[in-house]
Amino acid sequence: MRKTTRPTTALVISLVGLSALSGSGLAAQIPLNLAFERPGVEGFSRPWGWNLVSAAEGATFVVDSLVRRSGERSLRIVRPAERAVGEGPAAGHALRYWIAPRFAWGDRVRLTGWVLAEHLDGQGRLVLEAWGDGVLVSDTASLAGRVAGGEWQRLDLSIPVDSSAHSVIVTAALLGVGTVWFDDLSVEAAGRTWDAVPAATPPDDATLDWLAERSSPFSSVDAADLPGADEFDDLAALGRIVGDARVVALGEATHGTSEFFRVKHRLLAYLVEQAGFRVFAIEANQLAVEPINEYVRGGSGEVRNLMRAMFRVWNTEEVRDLIEWMRTYNLENPGRMVEFIGFDMQDPRAPIDSVSTFIGRAEPTLRSWVDSLYAPYREAWRKASYPQGPTAVRQSWHANALEVYEQVRGNRDLWLAKAAGRADSVAVEWVVQNANVARQAALSALTMDFAKRDSAMAENIRWALDRRPEGTRIVLWAHDGHISRAAHEWANYWSGGSMGGELSRLFGDEYRAFGLLTHAGSYSGTIGSDIIDARLFTAPVGSLEEGLHRVGQRLGSPLLIVDIRGAAGDPAGSWLLEPRLIRMIGYAAEDFAFASPISVGYQFDGVVFVDTTSPSRVFR
């Protein structure tokens, strides 16, 4: 059964500018910013670790240094009355804080805090909850009514927490209009007040021995650092784990880590030159990256311009270097060329335009009909990325895209019969696939189910392999969450709906998944339209990353390839099967990023570990 109420990526929080923790020892645990002293990654518009639940137009959240009960800062929530006409006093504006619950299992958690109001018509509310398979238990306290101003008032909440809870959740909210401040929240359990809480059980000596025995140090993330004759000698462990697999997926814990990108370049070179892999596929729009595929196979173009078709996180010097290496390799090995393809489906505009163009040539009388069906969805994408709308509108987008897809698919055999050569046949296969991608995107918009994207990406990878000679081997580049196997009852990425889970079902033992993890350092991440260099939160004790950091120290290497197959069949490896926090950062800069419990031993075949990392070199 899929658990749908555990923390999701919306609750995942990461660290930037948390210099107060350096050297304090708290970085080994999970710090609690319940007094609002630390601002979030974007500055003073949100306290560190607190994430948006809801906010009506005009509501603002501020880390306030002018009004506070103690310390240097408080949380201020404001909703002017003139911006709330017709909404009523129940409209809520709230932030939420996630706490790992292990510290309180078998005990009661008590939350106390202080609230101050000005021109309040509604409530300043604190909510304390334990989450498991649903909301297990909850308590609420509030300052309510029409409050013109006054003194700080104390709120007191308490709930029991048992081992079925995977989260303790604190919510601070303004219901209605006016201004409220919160300050000096405090959590008590097990006879003490907690400023930081443990993440999970640390590995014992037997576990560290098990990990060390299966860890192989490697020399560098960059092949250029090694003599030519020794270029791949240190990657033999990767080859043993890959074996005869046809599909090898290389993940990444962040989309902005230079060392991840560079080591994947090196591993790709190894798999191409030593193991005969002939396709490289990246988490990017399938049709949009075809010009890059032409370029690496000797075509013309300026590589940076071609790369703009991909997500901005891939517009980096590291990815450019990989593309240029592929082009050079192909020019030197014309009989063993490697391709560069995409498998994502998120932006349907290019596929839609391609379908329209093909129909205009093959079935001119149908073009206006196709364009009219596609027009509303394409226009919605022109106005905004990932457009949403009322259910009826999203249903029409999907119904129209499905109707075009069925029409195109129904004409496939007729068009293939008319094909004058291979180029025409390839064009037919592409128009069917492009219509399918438009349908995939519309289905994702309709259902608003993140897993629909992952299943579509797996479908697109299968399509790409089916078009190539039998036995073609492919290397995938995507986030750790996408490539994970989802082979656990509930402690999975994406609540079990990962691309890797579907690929495991499609390819069985021919699929290998490698997670890429780091202990500390920094990365590049987005805030709005900006990309910044952000600090990583040092991996907490109890995380796999901190355990591998200790293994690396034992083996004298900051770079490890770890074979974690067999954990399920070995008591010494069972630590990897217990749900534990793991770093997960996408394109956005985060505060903490260790919020989702994952059973790592079920997700990956191997781990590539880089102890300390740095930001990717993004084209500015």
# chains A, B, ... in the order shown; residues from 1 in each chain; ligands from 1
$ residues_around --residues "Phe340 (chain A)" --least-positions-apart "4" --cutoff "10 Å" --atoms "only C-alpha atoms" --output "ChimeraX atom specification"
/A:278-282,289-297,323,326-327,475
$ closest_atom_pairs --of "region 242-285 of chain A" --to "region 592-611 of chain A" --cutoff "10 Å" --atoms "only C-alpha atoms" --output "CSV"
residue,atom,partner,partner_atom,distance
A:Val242,CA,A:Asp605,CA,8.8
A:Ala249,CA,A:Phe604,CA,9.6
A:Leu250,CA,A:Val608,CA,8.9
A:Gly251,CA,A:Val608,CA,9.1
A:Glu252,CA,A:Val608,CA,9.2
A:Ala253,CA,A:Ala593,CA,9.6
A:Thr254,CA,A:Ala593,CA,9.7
A:Glu259,CA,A:Val610,CA,7.4
A:Phe260,CA,A:Val610,CA,7.9
A:Val263,CA,A:Val608,CA,8.8
A:Lys264,CA,A:Val608,CA,9.6
$ closest_residue --among "A:Glu42, A:Gly298, A:Ser215, A:Gly410" --to "Ser529 (chain A)" --atoms "only C-alpha atoms"
A:Glu42
$ residues_around --residues "Ala478 (chain A)" --least-positions-apart "3" --cutoff "12 Å" --atoms "only C-alpha atoms" --output "number ranges by chain"
A: 248-256, 260-261, 264, 280-284, 311, 313-314, 342-344, 454, 457-458, 475, 481-484, 498-500, 513-516, 586-587
$ residues_around --residues "Asp530 (chain A)" --least-positions-apart "4" --cutoff "12 Å" --atoms "only C-alpha atoms" --output "ChimeraX atom specification"
/A:42,312-313,524-526,534,587-589,618-620
$ atom_distance --atom1 "CA of Ala464 (chain A)" --atom2 "CA of Ile341 (chain A)"
8.6 Å
$ closest_residue --among "A:Gly150, A:Leu577, A:Gln29, A:His93" --to "Glu57 (chain A)" --atoms "only C-alpha atoms"
A:His93
$ residues_around --residues "region 123-130 of chain A" --least-positions-apart "6" --cutoff "7 Å" --atoms "only C-alpha atoms" --output "JSON, numbers by chain"
{"A": [115, 136, 137, 138, 139, 140, 141, 142, 143, 144, 145, 157, 161, 165, 167, 168, 169, 170, 171, 172, 173, 174, 175, 176, 180]}
$ decode --residues "region 211-311 of chain A" --atoms "C-alpha atoms" --output "CSV table (one decimal), in the first residue's frame"
chain,number,residue,atom,x,y,z
A,211,LEU,CA,30.0,-1.1,4.2
A,212,ALA,CA,33.8,-1.0,4.2
A,213,GLU,CA,34.1,-4.5,2.8
A,214,ARG,CA,31.8,-3.4,-0.1
A,215,SER,CA,33.4,0.0,-0.7
A,216,SER,CA,36.0,0.5,-3.4
A,217,PRO,CA,37.9,3.8,-3.3
A,218,PHE,CA,38.5,5.5,-6.7
A,219,SER,CA,41.0,8.1,-7.6
A,220,SER,CA,39.3,11.1,-9.1
A,221,VAL,CA,36.0,12.4,-10.4
A,222,ASP,CA,37.9,13.6,-13.5
A,223,ALA,CA,39.5,11.2,-15.9
A,224,ALA,CA,41.9,13.9,-17.0
A,225,ASP,CA,43.6,13.7,-13.6
A,226,LEU,CA,44.8,10.2,-14.4
A,227,PRO,CA,47.5,8.8,-16.8
A,228,GLY,CA,45.9,7.5,-20.0
A,229,ALA,CA,46.9,3.9,-19.3
A,230,ASP,CA,45.3,4.0,-15.8
A,231,GLU,CA,42.2,5.9,-16.8
A,232,PHE,CA,39.7,3.2,-15.8
A,233,ASP,CA,41.7,1.0,-13.4
A,234,ASP,CA,40.0,2.3,-10.3
A,235,LEU,CA,36.5,1.8,-11.7
A,236,ALA,CA,36.5,-2.0,-11.7
A,237,ALA,CA,34.0,-2.1,-8.9
A,238,LEU,CA,31.5,-0.2,-11.1
A,239,GLY,CA,31.9,-2.8,-13.8
A,240,ARG,CA,31.3,-5.7,-11.3
A,241,ILE,CA,28.0,-4.1,-10.2
A,242,VAL,CA,26.9,-3.3,-13.7
A,243,GLY,CA,27.7,-6.8,-15.0
A,244,ASP,CA,25.6,-7.6,-18.1
A,245,ALA,CA,22.9,-5.0,-17.3
A,246,ARG,CA,21.4,-3.3,-20.3
A,247,VAL,CA,20.1,-0.2,-18.5
A,248,VAL,CA,22.4,1.6,-16.0
A,249,ALA,CA,21.0,4.7,-14.2
A,250,LEU,CA,23.3,7.3,-12.6
A,251,GLY,CA,21.4,9.4,-10.1
A,252,GLU,CA,22.3,12.5,-8.1
A,253,ALA,CA,21.2,13.8,-4.7
A,254,THR,CA,21.1,17.4,-6.0
A,255,HIS,CA,20.7,18.9,-9.5
A,256,GLY,CA,23.5,21.3,-8.9
A,257,THR,CA,26.7,19.4,-7.8
A,258,SER,CA,29.8,19.8,-9.9
A,259,GLU,CA,31.4,16.5,-8.7
A,260,PHE,CA,28.3,14.5,-9.5
A,261,PHE,CA,28.2,15.9,-13.1
A,262,ARG,CA,31.9,15.3,-13.6
A,263,VAL,CA,32.0,11.8,-12.1
A,264,LYS,CA,29.0,10.8,-14.3
A,265,HIS,CA,31.0,12.0,-17.3
A,266,ARG,CA,33.8,9.8,-16.2
A,267,LEU,CA,31.6,6.8,-15.5
A,268,LEU,CA,29.9,7.3,-18.9
A,269,ALA,CA,33.3,7.2,-20.6
A,270,TYR,CA,34.1,4.0,-18.8
A,271,LEU,CA,30.8,2.4,-19.8
A,272,VAL,CA,31.1,3.5,-23.4
A,273,GLU,CA,34.8,2.6,-23.9
A,274,GLN,CA,35.0,-0.5,-21.7
A,275,ALA,CA,31.5,-2.0,-21.8
A,276,GLY,CA,30.0,-1.0,-25.1
A,277,PHE,CA,27.2,1.3,-24.0
A,278,ARG,CA,26.0,3.2,-27.1
A,279,VAL,CA,23.2,5.5,-25.8
A,280,PHE,CA,23.3,8.3,-23.1
A,281,ALA,CA,19.9,9.6,-22.0
A,282,ILE,CA,19.3,12.6,-19.8
A,283,GLU,CA,16.3,13.9,-17.8
A,284,ALA,CA,15.4,16.4,-20.5
A,285,ASN,CA,12.7,16.8,-23.1
A,286,GLN,CA,12.9,14.0,-25.6
A,287,LEU,CA,12.4,16.0,-28.8
A,288,ALA,CA,14.2,19.1,-27.6
A,289,VAL,CA,17.6,17.4,-27.2
A,290,GLU,CA,17.6,15.8,-30.7
A,291,PRO,CA,19.8,18.7,-32.1
A,292,ILE,CA,22.4,17.9,-29.4
A,293,ASN,CA,22.3,14.3,-30.6
A,294,GLU,CA,23.0,15.5,-34.1
A,295,TYR,CA,25.8,17.6,-32.8
A,296,VAL,CA,27.6,14.8,-30.9
A,297,ARG,CA,27.3,12.7,-34.1
A,298,GLY,CA,29.2,15.4,-36.1
A,299,GLY,CA,26.4,17.9,-36.9
A,300,SER,CA,26.8,21.6,-36.8
A,301,GLY,CA,25.8,24.2,-34.2
A,302,GLU,CA,27.1,26.1,-31.2
A,303,VAL,CA,26.9,23.8,-28.2
A,304,ARG,CA,25.7,26.4,-25.7
A,305,ASN,CA,22.9,27.4,-27.9
A,306,LEU,CA,21.9,23.8,-28.4
A,307,MET,CA,22.0,23.2,-24.6
A,308,ARG,CA,19.3,25.9,-24.0
A,309,ALA,CA,16.7,23.4,-25.0
A,310,MET,CA,17.4,21.5,-21.8
A,311,PHE,CA,16.4,22.5,-18.2
